[in-house]
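Undergrad: For reference, this is final.txt, and it has compact mmCIF, C-alpha atoms and all ligand atoms.
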```txt
# COMPACT_ATOMS: atom_id res chain seq x y z
CA MET A 1 -1.36 -14.16 21.92
CA PRO A 2 -0.36 -14.50 18.27
CA ARG A 3 -1.51 -11.81 15.91
CA ARG A 4 -4.59 -12.93 13.98
CA PHE A 5 -5.04 -12.11 10.31
CA GLY A 6 -8.33 -12.43 8.48
CA HIS A 7 -11.83 -12.58 9.88
CA ILE A 8 -12.37 -13.31 13.56
CA GLU A 9 -14.77 -16.17 14.12
CA GLY A 10 -18.09 -15.07 15.52
CA PHE A 11 -17.69 -11.49 14.28
CA PRO A 12 -18.53 -11.39 10.55
CA PRO A 13 -18.49 -8.16 8.53
CA THR A 14 -21.22 -5.69 9.59
CA THR A 15 -20.92 -6.71 13.25
CA GLU A 16 -21.32 -3.60 15.39
CA PHE A 17 -19.46 -2.72 18.56
CA ALA A 18 -20.40 -0.11 21.12
CA ASN A 19 -16.84 1.03 21.80
CA ARG A 20 -13.13 0.36 21.36
CA GLN A 21 -13.02 -1.90 24.41
CA LYS A 22 -15.57 -4.26 22.80
CA LEU A 23 -13.50 -4.27 19.60
CA HIS A 24 -10.50 -5.16 21.70
CA ASP A 25 -12.30 -7.95 23.56
CA ALA A 26 -13.49 -9.46 20.26
CA HIS A 27 -9.90 -9.39 18.88
CA VAL A 28 -11.22 -7.50 15.86
CA HIS A 29 -8.95 -4.55 16.68
CA ARG A 30 -6.72 -5.02 19.73
CA PRO A 31 -5.32 -1.54 20.47
CA THR A 32 -7.82 0.57 22.37
CA GLN A 33 -6.52 3.91 21.04
CA ALA A 34 -4.19 3.40 18.06
CA GLY A 35 -5.74 3.23 14.60
CA ILE A 36 -3.28 0.64 13.30
CA SER A 37 -2.76 -2.77 14.89
CA GLY A 38 0.47 -4.35 13.77
CA GLY A 39 4.17 -4.88 14.08
CA ARG A 40 7.05 -3.95 11.83
CA HIS A 41 7.98 -7.58 11.15
CA GLU A 42 4.56 -9.18 11.49
CA GLY A 43 2.52 -6.80 9.38
CA ALA A 44 -0.70 -4.99 10.24
CA ASP A 45 -3.78 -7.10 10.92
CA SER A 46 -6.38 -4.37 11.42
CA ILE A 47 -7.12 -0.65 11.26
CA VAL A 48 -9.85 1.65 12.47
CA VAL A 49 -11.10 4.44 10.21
CA SER A 50 -12.88 6.99 12.33
CA GLY A 51 -12.07 10.45 11.13
CA GLY A 52 -9.02 10.88 13.33
CA TYR A 53 -6.89 12.04 10.41
CA GLU A 54 -8.09 14.88 8.24
CA ASP A 55 -6.24 13.62 5.15
CA ASP A 56 -8.16 10.31 5.14
CA ASP A 57 -10.44 9.81 2.16
CA ASP A 58 -13.02 7.04 2.36
CA HIS A 59 -14.61 5.80 -0.87
CA GLY A 60 -16.35 2.73 0.50
CA SER A 61 -14.74 -0.07 -1.46
CA TYR A 62 -11.37 1.65 -1.23
CA ILE A 63 -9.87 3.93 1.36
CA ILE A 64 -7.04 6.43 1.22
CA TYR A 65 -5.76 5.97 4.75
CA THR A 66 -3.27 8.21 6.50
CA GLY A 67 -0.52 6.53 8.51
CA ALA A 68 0.20 7.09 12.18
CA GLY A 69 1.95 9.97 13.88
CA GLY A 70 2.12 13.74 14.11
CA ASN A 71 -1.58 14.09 14.85
CA ASP A 72 -3.22 16.09 17.61
CA SER A 73 -5.96 13.81 18.91
CA ASN A 74 -7.98 16.73 20.26
CA THR A 75 -8.12 18.89 17.16
CA LYS A 76 -7.54 15.98 14.74
CA ARG A 77 -5.06 18.23 12.98
CA GLN A 78 -1.67 17.23 11.66
CA ILE A 79 0.93 19.08 13.74
CA ALA A 80 4.14 17.30 12.70
CA ASP A 81 5.65 15.14 9.96
CA GLN A 82 4.93 11.43 9.82
CA ASP A 83 7.70 8.89 9.51
CA ILE A 84 7.44 6.00 7.06
CA HIS A 85 9.71 3.98 9.39
CA TYR A 86 7.41 4.36 12.40
CA PHE A 87 6.36 0.84 13.39
CA SER A 88 2.65 1.21 12.60
CA ASN A 89 3.34 2.58 9.14
CA ALA A 90 6.02 -0.06 8.54
CA ALA A 91 3.44 -2.68 9.58
CA LEU A 92 1.01 -1.60 6.86
CA ILE A 93 3.84 -1.62 4.30
CA LYS A 94 4.71 -5.14 5.42
CA SER A 95 1.10 -6.19 4.83
CA GLN A 96 1.26 -4.66 1.37
CA LEU A 97 4.49 -6.53 0.58
CA GLU A 98 3.17 -9.87 1.82
CA GLY A 99 -0.42 -9.47 0.69
CA TYR A 100 -1.79 -9.90 4.21
CA PRO A 101 -5.47 -9.02 4.59
CA VAL A 102 -6.26 -6.11 6.92
CA ARG A 103 -9.50 -5.98 8.93
CA VAL A 104 -11.17 -2.60 8.54
CA THR A 105 -13.46 -1.21 11.21
CA ARG A 106 -15.25 2.07 10.65
CA GLY A 107 -16.13 4.34 13.55
CA PHE A 108 -18.74 7.03 14.06
CA GLY A 109 -16.28 9.87 13.42
CA GLY A 110 -15.58 8.82 9.83
CA ASP A 111 -17.12 9.83 6.52
CA PRO A 112 -20.89 9.79 7.24
CA LYS A 113 -21.56 8.14 3.87
CA TYR A 114 -19.81 4.94 4.93
CA SER A 115 -19.58 5.09 8.71
CA PRO A 116 -21.95 4.01 11.47
CA LYS A 117 -23.80 6.78 13.31
CA THR A 118 -22.65 5.50 16.67
CA GLY A 119 -19.97 3.09 17.82
CA TYR A 120 -17.95 0.93 15.45
CA ARG A 121 -18.70 -1.51 12.66
CA TYR A 122 -16.41 -4.24 11.32
CA ASP A 123 -16.47 -3.89 7.52
CA GLY A 124 -14.41 -6.88 6.41
CA LEU A 125 -11.02 -7.43 4.82
CA PHE A 126 -8.99 -5.08 2.68
CA ASN A 127 -5.65 -5.32 0.90
CA VAL A 128 -3.02 -2.62 1.10
CA VAL A 129 -2.27 -2.07 -2.58
CA ASP A 130 -0.22 1.13 -2.60
CA HIS A 131 1.50 3.64 -0.36
CA TRP A 132 3.29 6.95 -0.80
CA THR A 133 4.31 10.10 1.00
CA LYS A 134 3.02 13.58 0.34
CA THR A 135 2.47 16.95 1.91
CA GLY A 136 -0.86 16.86 3.74
CA ASN A 137 -3.52 19.55 4.22
CA ARG A 138 -1.59 21.17 7.07
CA GLY A 139 1.71 21.27 5.22
CA PHE A 140 3.33 18.32 7.00
CA GLN A 141 4.71 15.17 5.40
CA ILE A 142 2.27 12.28 5.70
CA VAL A 143 2.33 8.63 4.69
CA GLN A 144 -0.75 7.33 2.92
CA PHE A 145 -2.04 3.92 1.97
CA ARG A 146 -4.60 2.76 -0.52
CA LEU A 147 -6.66 -0.13 0.82
CA GLU A 148 -9.05 -2.04 -1.41
CA GLN A 149 -11.85 -4.24 -0.19
CA ILE A 150 -11.32 -7.94 -0.79
CA GLU A 151 -14.27 -9.77 -2.23
CA ASP A 152 -14.90 -12.03 0.63
CA PHE A 153 -13.08 -15.27 1.32
CA PRO A 154 -15.14 -18.44 1.02
CA GLN A 155 -15.03 -19.76 4.58
CA SER A 156 -13.67 -16.87 6.57
CA PRO A 157 -10.17 -18.35 6.62
CA ARG A 158 -7.81 -17.18 9.28
CA LEU A 159 -4.12 -16.55 8.86
CA LEU A 160 -2.31 -17.06 12.10
CA VAL A 161 1.07 -15.53 12.40
CA ASP A 162 3.45 -17.20 14.79
CA GLU A 163 5.42 -14.35 16.27
CA ARG A 164 8.48 -16.45 16.95
CA ARG A 165 8.71 -17.43 13.33
CA GLU A 166 7.74 -14.01 12.02
CA GLY A 167 5.71 -15.33 9.16
CA PRO A 168 2.41 -16.88 8.33
CA VAL A 169 2.09 -20.47 9.52
CA GLU A 170 -0.73 -21.15 7.16
CA LEU A 171 -0.25 -19.93 3.63
CA ARG A 172 -3.47 -21.39 2.25
CA SER A 173 -5.34 -18.13 2.38
CA THR A 174 -2.78 -15.59 1.23
CA VAL A 175 -4.12 -13.25 -1.38
CA VAL A 176 -2.71 -11.84 -4.58
CA GLN A 177 0.37 -9.88 -3.62
CA ARG A 178 0.75 -7.42 -6.39
CA GLN A 179 -1.33 -6.80 -9.37
CA VAL A 180 0.77 -7.16 -12.49
CA ARG A 181 -1.22 -5.06 -14.87
CA SER A 182 -1.30 -6.06 -18.47
CA SER A 183 -2.40 -3.96 -21.36
CA ALA A 184 -1.66 -3.47 -25.04
CA ILE A 185 0.42 -0.45 -24.04
CA ILE A 186 2.55 -2.52 -21.70
CA GLY A 187 2.98 -5.13 -24.42
CA ARG A 188 4.26 -2.44 -26.77
CA VAL A 189 6.83 -1.14 -24.30
CA LYS A 190 8.01 -4.64 -23.45
CA SER A 191 8.52 -5.53 -27.10
CA LEU A 192 10.31 -2.22 -27.69
CA TYR A 193 12.91 -3.39 -25.15
CA GLN A 194 12.71 -7.06 -26.08
CA HIS A 195 11.92 -7.58 -22.38
CA GLN A 196 15.19 -6.06 -21.22
CA CYS A 197 14.97 -4.28 -17.86
CA GLN A 198 15.57 -0.54 -18.25
CA VAL A 199 17.27 -0.38 -14.86
CA CYS A 200 19.56 -3.41 -14.68
CA ALA A 201 19.56 -4.51 -18.36
CA ILE A 202 18.76 -8.10 -17.46
CA VAL A 203 16.54 -10.24 -19.68
CA ILE A 204 14.80 -12.99 -17.73
CA LYS A 205 14.43 -16.07 -19.89
CA VAL A 206 11.88 -18.60 -18.81
CA GLU A 207 10.14 -21.48 -20.51
CA GLY A 208 7.81 -19.78 -22.93
CA GLY A 209 10.04 -16.79 -23.67
CA PRO A 210 11.50 -13.71 -21.98
CA TYR A 211 9.71 -12.19 -18.98
CA ALA A 212 9.40 -8.53 -18.01
CA GLU A 213 6.80 -6.33 -16.37
CA GLY A 214 5.34 -3.04 -17.43
CA ALA A 215 5.57 -0.44 -14.69
CA HIS A 216 3.43 2.67 -14.79
CA ILE A 217 5.58 5.61 -13.74
CA ARG A 218 2.55 7.48 -12.44
CA GLY A 219 0.15 4.85 -11.09
CA LEU A 220 -3.21 4.30 -12.76
CA GLY A 221 -5.50 4.21 -9.72
CA ARG A 222 -6.61 6.98 -7.41
CA PRO A 223 -5.14 9.20 -6.20
CA HIS A 224 -2.43 9.11 -8.88
CA LEU A 225 -4.63 8.84 -12.00
CA GLY A 226 -1.74 8.33 -14.40
CA PRO A 227 -2.54 7.49 -18.03
CA ASP A 228 -2.05 4.09 -19.65
CA VAL A 229 0.21 5.39 -22.43
CA VAL A 230 3.66 4.39 -23.69
CA SER A 231 5.26 7.57 -22.29
CA ASN A 232 4.11 6.53 -18.77
CA VAL A 233 5.38 2.94 -18.85
CA LEU A 234 8.77 1.39 -18.16
CA CYS A 235 9.90 -2.14 -18.98
CA LEU A 236 11.34 -3.58 -15.77
CA CYS A 237 12.37 -6.87 -14.23
CA PRO A 238 10.22 -7.91 -11.23
CA ASN A 239 12.89 -6.81 -8.74
CA ASP A 240 13.25 -3.33 -10.19
CA HIS A 241 9.48 -3.10 -10.63
CA VAL A 242 9.05 -3.60 -6.88
CA ARG A 243 11.91 -1.19 -6.12
CA PHE A 244 10.32 1.43 -8.35
CA ASP A 245 6.73 0.94 -7.08
CA TYR A 246 7.85 1.10 -3.47
CA GLY A 247 10.12 4.09 -3.99
CA ALA A 248 13.40 2.30 -3.25
CA ILE A 249 14.60 3.81 -6.52
CA HIS A 250 13.50 6.90 -8.39
CA LEU A 251 14.59 8.80 -11.47
CA SER A 252 16.23 12.19 -11.85
CA ASP A 253 15.36 14.60 -14.63
CA GLU A 254 18.47 13.29 -16.40
CA LEU A 255 16.98 9.79 -16.07
CA ASP A 256 19.62 8.65 -13.65
CA VAL A 257 18.42 5.80 -11.44
CA ILE A 258 18.85 6.91 -7.84
CA ASN A 259 18.77 4.90 -4.63
CA THR A 260 16.22 6.84 -2.59
CA GLN A 261 17.72 5.92 0.78
CA THR A 262 21.33 6.77 0.03
CA GLY A 263 20.86 9.29 -2.77
CA ARG A 264 23.47 7.41 -4.78
CA ILE A 265 23.22 7.27 -8.55
CA LEU A 266 23.04 3.63 -9.59
CA GLY A 267 23.30 4.24 -13.30
CA ARG A 268 21.49 5.68 -16.26
CA LEU A 269 18.06 4.40 -17.27
CA LEU A 270 18.21 2.47 -20.52
CA VAL A 271 16.02 4.29 -23.03
CA ARG A 272 15.42 3.23 -26.62
CA PRO A 273 15.22 6.10 -29.14
CA ALA A 274 11.59 5.24 -29.98
CA HIS A 275 10.53 5.50 -26.34
CA ARG A 276 9.59 9.02 -25.32
CA ILE A 277 9.22 9.22 -21.54
CA ASP A 278 6.97 11.92 -20.14
CA MET A 279 9.16 13.76 -17.63
CA SER A 280 6.16 15.13 -15.75
CA HIS A 281 5.30 11.57 -14.73
CA VAL A 282 8.91 10.99 -13.67
CA ALA A 283 8.71 14.12 -11.49
CA TYR A 284 5.38 12.96 -10.05
CA HIS A 285 6.81 9.55 -9.10
CA ARG A 286 9.83 11.23 -7.54
CA SER A 287 7.60 13.55 -5.51
CA LEU A 288 5.97 10.51 -3.83
CA TRP A 289 9.25 9.46 -2.29
CA LYS A 290 11.46 12.48 -2.12
CA SER A 291 10.21 15.86 -0.94
ZN ZN A 301 16.05 -4.94 -13.43
```
How does this structure look as structure tokens?
TA:
Amino acid sequence: MPRRFGHIEGFPPTTEFANRQKLHDAHVHRPTQAGISGGRHEGADSIVVSGGYEDDDDHGSYIIYTGAGGNDSNTKRQIADQDIHYFSNAALIKSQLEGYPVRVTRGFGGDPKYSPKTGYRYDGLFNVVDHWTKTGNRGFQIVQFRLEQIEDFPQSPRLLVDERREGPVELRSTVVQRQVRSSAIIGRVKSLYQHQCQVCAIVIKVEGGPYAEGAHIRGLGRPHLGPDVVSNVLCLCPNDHVRFDYGAIHLSDELDVINTQTGRILGRLLVRPAHRIDMSHVAYHRSLWKS
């Protein structure tokens, strides 16, 4: 049975289910206990939000969702650290990287404002737009994801993933992978560096001029709430932008670029004299990936 991405025919958003078995039978959410359905290489196709994790924070159109692991299912308390490499968490990261849509089902145990009073309700498709690690309410390391509701697809397209090929067979309905934010502030930082990447010093020249991306050091959205100001923006090439956003690299207080996995210093961040970088944002970014 290949993993199914997108809506499941016959079960549009707002469809209600009496229990997890019915969700399973409908293919809306296959696991009967786990909150995340997915594989490390395939991505996650669905989640259930039902109050199982005390660090979850449901806002309706977006959800701060805690990854899997370290949770006592009886008390719903976090009793151990979570691992970003655990397959369920890796699956959600894969969906973020590839822009796969994730079906969200809310259960009766979730935030009463958005959850059904009994049973489960399929609430449609969301994108994973961000993830990070932090210390949760109980003092353990947790992995969190920000999921944002997708304004619905026209004809409930389905993305079938062929497990043998480990990728989507049908690319027609992939969604925007990563928002490249653009603002006057970003434009200023990019022109300050003449589009040169502050990490690898490359300038990408394409038809129409040089290309670079503005990367907010402390993200703009919740829960980060970083400001859109020059001191919170770096000029990066797309590769280093992804590395930075996903925590593959971070910065030291000396502005060394550090490989998060190995701890190795890759070099010094290129900084123009006119560019003051707010070190509190650098420390915040670092705290998301390195505790
Ligand atoms: Zn670069």
Undergrad: Residues within 6 Å of ligand ZN 301 (chain A) (only C-alpha atoms and all ligand atoms), as number ranges by chain?
TA: A: 197, 199-200, 202, 236-237, 239-240
Undergrad: From the list A:Leu23, A:Ala68, A:Val203, A:Leu255, which residue is nearest Gln141 in chain A when using all atoms listed in the file?
TA: A:Ala68
Undergrad: Give the answer as one residue: which of A:Tyr114, A:Tyr211, A:Trp289, A:Tyr122 has the shortest atom-to-atom distance to Asn19 in chain A, using all atoms listed in the file?
TA: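 Closest residue, counting all atoms listed in the file: A:Tyr122.
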Undergrad: Find the spatial neighbours of Gly10 in chain A, counting only C-alpha atoms, within a cut-off of 12 Å - ignore same-chain residues fewer than 2 positions away - and output them as number ranges by chain.
TA: A: 7-8, 12-16, 26-28, 122, 156
Undergrad: Output C-alpha atoms of each residue in that selection to a file, as a PDB file, in the coordinates of the input.
TA:
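File result.pdb, as written:
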```pdb
ATOM      1  CA  HIS A   7     -11.830 -12.580   9.880  1.00  0.00           C
ATOM      2  CA  ILE A   8     -12.370 -13.310  13.560  1.00  0.00           C
ATOM      3  CA  PRO A  12     -18.530 -11.390  10.550  1.00  0.00           C
ATOM      4  CA  PRO A  13     -18.490  -8.160   8.530  1.00  0.00           C
ATOM      5  CA  THR A  14     -21.220  -5.690   9.590  1.00  0.00           C
ATOM      6  CA  THR A  15     -20.920  -6.710  13.250  1.00  0.00           C
ATOM      7  CA  GLU A  16     -21.320  -3.600  15.390  1.00  0.00           C
ATOM      8  CA  ALA A  26     -13.490  -9.460  20.260  1.00  0.00           C
ATOM      9  CA  HIS A  27      -9.900  -9.390  18.880  1.00  0.00           C
ATOM     10  CA  VAL A  28     -11.220  -7.500  15.860  1.00  0.00           C
ATOM     11  CA  TYR A 122     -16.410  -4.240  11.320  1.00  0.00           C
ATOM     12  CA  SER A 156     -13.670 -16.870   6.570  1.00  0.00           C
TER      13      SER A 156
END
```
Undergrad: Of the candidates A:Gln194, A:Ser37, A:Thr260, A:Ser183, which shows the shortest atom-to-atom distance to Ala90 in chain A, using all atoms listed in the file?
TA: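 Distance minimum relative to Ala90 in chain A lands on A:Ser37.
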Undergrad: Just give me the gap between CA of Glu98 in chain A and CA of Gly60 in chain A in Å, one decimal is fine.
TA: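 Straight-line distance from CA of Glu98 in chain A to CA of Gly60 in chain A works out to 23.3 Å.
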Undergrad: Just how far from CA of His250 in chain A is CA of Val229 in chain A, in Å to one decimal?
TA: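 These atoms are spaced 19.4 Å apart.
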Undergrad: Have a look at A:Ser73, A:Ala18, A:Ala91, A:Gly43 and name the one nearest to Gly107 in chain A; count all atoms listed in the file.
TA: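 Looking at the shortest contact to Gly107 in chain A, the residue is A:Ala18.
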Undergrad: Between CA of Val129 in chain A and CA of Phe11 in chain A, what is the spacing in Å?
TA: 24.7 Å
Undergrad: Give me the residues near Val49 in chain A as a list of chain:residue names, where near means some atom within 7 Å (using only C-alpha atoms) and where sequence neighbours in that chain fewer than 6 positions away do not count.
TA: A:Thr105, A:Arg106, A:Gly107, A:Gly110
Undergrad: I'd like the box whose edges run along x, y and z of the file and which contains every listed atom of range 54-72 of chain A, padded by 5 Å per side; could you state its centre and edge lengths in Å, one decimal, as AutoDock Vina command-line options?
TA:
```
--center_x -7.1 --center_y 8.0 --center_z 8.1 --size_x 28.5 --size_y 26.2 --size_z 29.1
```
Undergrad: Taking into account only C-alpha atoms, which residue in the set A:Gly219, A:Gly6, A:Gly247, A:Pro210 is nearest to Tyr100 in chain A?
TA: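 Nearest candidate to Tyr100 in chain A out of A:Gly219, A:Gly6, A:Gly247, A:Pro210: A:Gly6.
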Undergrad: Considering all atoms listed in the file, can you say which of A:Glu42, A:Asp256, A:Asp130, A:Glu151 comes closest to Leu220 in chain A?
TA: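 So, comparing all the options, the nearest one is A:Asp130.
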Undergrad: Could you pull the residues within 9 Å of Cys235 in chain A, counting all atoms listed in the file, minus those fewer than 2 positions along the same chain, as a PyMOL selection string?
TA: chain A and resi 186+189-193+195-199+212-215+233+237+241
Undergrad: Can you pull out every residue within 8 Å of Ile249 in chain A, counting all atoms listed in the file, but drop anything in the same chain fewer than 2 positions away, and send it as number ranges by chain?
TA: A: 243-244, 246-247, 251, 257-260
Undergrad: Using the incomplete input, complete range 22-33 of chain A to the level of all heavy atoms; output as an mmCIF file, in the coordinates of the input.
TA:
```cif
data_model
loop_
_atom_site.group_PDB
_atom_site.id
_atom_site.type_symbol
_atom_site.label_atom_id
_atom_site.label_comp_id
_atom_site.auth_asym_id
_atom_site.auth_seq_id
_atom_site.Cartn_x
_atom_site.Cartn_y
_atom_site.Cartn_z
ATOM 1 N N LYS A 22 -14.869 -3.085 23.351
ATOM 2 C CA LYS A 22 -15.570 -4.260 22.800
ATOM 3 C C LYS A 22 -14.827 -4.803 21.572
ATOM 4 O O LYS A 22 -14.750 -6.009 21.360
ATOM 5 C CB LYS A 22 -17.010 -3.900 22.426
ATOM 6 C CG LYS A 22 -17.836 -3.382 23.592
ATOM 7 C CD LYS A 22 -18.653 -4.497 24.254
ATOM 8 C CE LYS A 22 -19.773 -3.928 25.085
ATOM 9 N NZ LYS A 22 -19.617 -4.241 26.523
ATOM 10 N N LEU A 23 -14.301 -3.868 20.758
ATOM 11 C CA LEU A 23 -13.500 -4.270 19.600
ATOM 12 C C LEU A 23 -12.262 -5.038 20.057
ATOM 13 O O LEU A 23 -11.868 -6.033 19.460
ATOM 14 C CB LEU A 23 -13.026 -3.031 18.820
ATOM 15 C CG LEU A 23 -13.883 -2.445 17.720
ATOM 16 C CD1 LEU A 23 -13.209 -1.186 17.204
ATOM 17 C CD2 LEU A 23 -14.073 -3.443 16.582
ATOM 18 N N HIS A 24 -11.674 -4.542 21.115
ATOM 19 C CA HIS A 24 -10.500 -5.160 21.700
ATOM 20 C C HIS A 24 -10.845 -6.563 22.219
ATOM 21 O O HIS A 24 -10.169 -7.546 21.899
ATOM 22 C CB HIS A 24 -9.976 -4.299 22.861
ATOM 23 C CG HIS A 24 -9.004 -4.998 23.757
ATOM 24 N ND1 HIS A 24 -7.648 -4.981 23.532
ATOM 25 C CD2 HIS A 24 -9.210 -5.756 24.862
ATOM 26 C CE1 HIS A 24 -7.044 -5.705 24.477
ATOM 27 N NE2 HIS A 24 -7.966 -6.189 25.290
ATOM 28 N N ASP A 25 -11.911 -6.671 22.968
ATOM 29 C CA ASP A 25 -12.300 -7.950 23.560
ATOM 30 C C ASP A 25 -12.595 -8.994 22.481
ATOM 31 O O ASP A 25 -12.356 -10.182 22.677
ATOM 32 C CB ASP A 25 -13.548 -7.765 24.449
ATOM 33 C CG ASP A 25 -13.259 -6.873 25.654
ATOM 34 O OD1 ASP A 25 -12.057 -6.670 25.961
ATOM 35 O OD2 ASP A 25 -14.215 -6.374 26.273
ATOM 36 N N ALA A 26 -13.132 -8.538 21.350
ATOM 37 C CA ALA A 26 -13.490 -9.460 20.260
ATOM 38 C C ALA A 26 -12.271 -9.836 19.411
ATOM 39 O O ALA A 26 -12.379 -10.669 18.516
ATOM 40 C CB ALA A 26 -14.560 -8.831 19.381
ATOM 41 N N HIS A 27 -11.118 -9.193 19.660
ATOM 42 C CA HIS A 27 -9.900 -9.390 18.880
ATOM 43 C C HIS A 27 -10.022 -8.842 17.456
ATOM 44 O O HIS A 27 -9.204 -9.143 16.601
ATOM 45 C CB HIS A 27 -9.492 -10.876 18.800
ATOM 46 C CG HIS A 27 -9.089 -11.435 20.123
ATOM 47 N ND1 HIS A 27 -7.780 -11.509 20.534
ATOM 48 C CD2 HIS A 27 -9.846 -11.930 21.131
ATOM 49 C CE1 HIS A 27 -7.742 -12.038 21.745
ATOM 50 N NE2 HIS A 27 -8.976 -12.297 22.135
ATOM 51 N N VAL A 28 -11.068 -8.076 17.202
ATOM 52 C CA VAL A 28 -11.220 -7.500 15.860
ATOM 53 C C VAL A 28 -10.204 -6.381 15.664
ATOM 54 O O VAL A 28 -9.594 -6.242 14.607
ATOM 55 C CB VAL A 28 -12.663 -6.989 15.647
ATOM 56 C CG1 VAL A 28 -12.772 -6.181 14.357
ATOM 57 C CG2 VAL A 28 -13.635 -8.187 15.604
ATOM 58 N N HIS A 29 -10.000 -5.576 16.690
ATOM 59 C CA HIS A 29 -8.950 -4.550 16.680
ATOM 60 C C HIS A 29 -8.431 -4.418 18.111
ATOM 61 O O HIS A 29 -9.134 -3.898 18.973
ATOM 62 C CB HIS A 29 -9.477 -3.215 16.157
ATOM 63 C CG HIS A 29 -8.398 -2.182 15.972
ATOM 64 N ND1 HIS A 29 -7.526 -2.205 14.897
ATOM 65 C CD2 HIS A 29 -8.030 -1.126 16.734
ATOM 66 C CE1 HIS A 29 -6.673 -1.185 15.013
ATOM 67 N NE2 HIS A 29 -6.960 -0.523 16.104
ATOM 68 N N ARG A 30 -7.224 -4.891 18.353
ATOM 69 C CA ARG A 30 -6.720 -5.020 19.730
ATOM 70 C C ARG A 30 -6.364 -3.697 20.416
ATOM 71 O O ARG A 30 -6.701 -3.500 21.576
ATOM 72 C CB ARG A 30 -5.529 -5.979 19.753
ATOM 73 C CG ARG A 30 -5.908 -7.404 19.377
ATOM 74 C CD ARG A 30 -6.715 -8.102 20.473
ATOM 75 N NE ARG A 30 -5.871 -8.546 21.572
ATOM 76 C CZ ARG A 30 -6.333 -8.972 22.749
ATOM 77 N NH1 ARG A 30 -7.632 -9.000 22.984
ATOM 78 N NH2 ARG A 30 -5.501 -9.362 23.686
ATOM 79 N N PRO A 31 -5.675 -2.768 19.743
ATOM 80 C CA PRO A 31 -5.320 -1.540 20.470
ATOM 81 C C PRO A 31 -6.577 -0.739 20.823
ATOM 82 O O PRO A 31 -7.506 -0.675 20.014
ATOM 83 C CB PRO A 31 -4.459 -0.750 19.474
ATOM 84 C CG PRO A 31 -4.077 -1.718 18.422
ATOM 85 C CD PRO A 31 -5.150 -2.765 18.370
ATOM 86 N N THR A 32 -6.612 -0.160 21.998
ATOM 87 C CA THR A 32 -7.820 0.570 22.370
ATOM 88 C C THR A 32 -7.771 2.046 21.951
ATOM 89 O O THR A 32 -8.768 2.736 22.019
ATOM 90 C CB THR A 32 -8.066 0.496 23.897
ATOM 91 O OG1 THR A 32 -6.862 0.860 24.561
ATOM 92 C CG2 THR A 32 -8.448 -0.916 24.309
ATOM 93 N N GLN A 33 -6.597 2.524 21.516
ATOM 94 C CA GLN A 33 -6.520 3.910 21.040
ATOM 95 C C GLN A 33 -5.966 3.997 19.615
ATOM 96 O O GLN A 33 -6.523 4.698 18.789
ATOM 97 C CB GLN A 33 -5.628 4.735 21.968
ATOM 98 C CG GLN A 33 -6.199 4.815 23.379
ATOM 99 C CD GLN A 33 -5.895 6.146 24.038
ATOM 100 O OE1 GLN A 33 -4.903 6.797 23.739
ATOM 101 N NE2 GLN A 33 -6.756 6.562 24.947
#
```
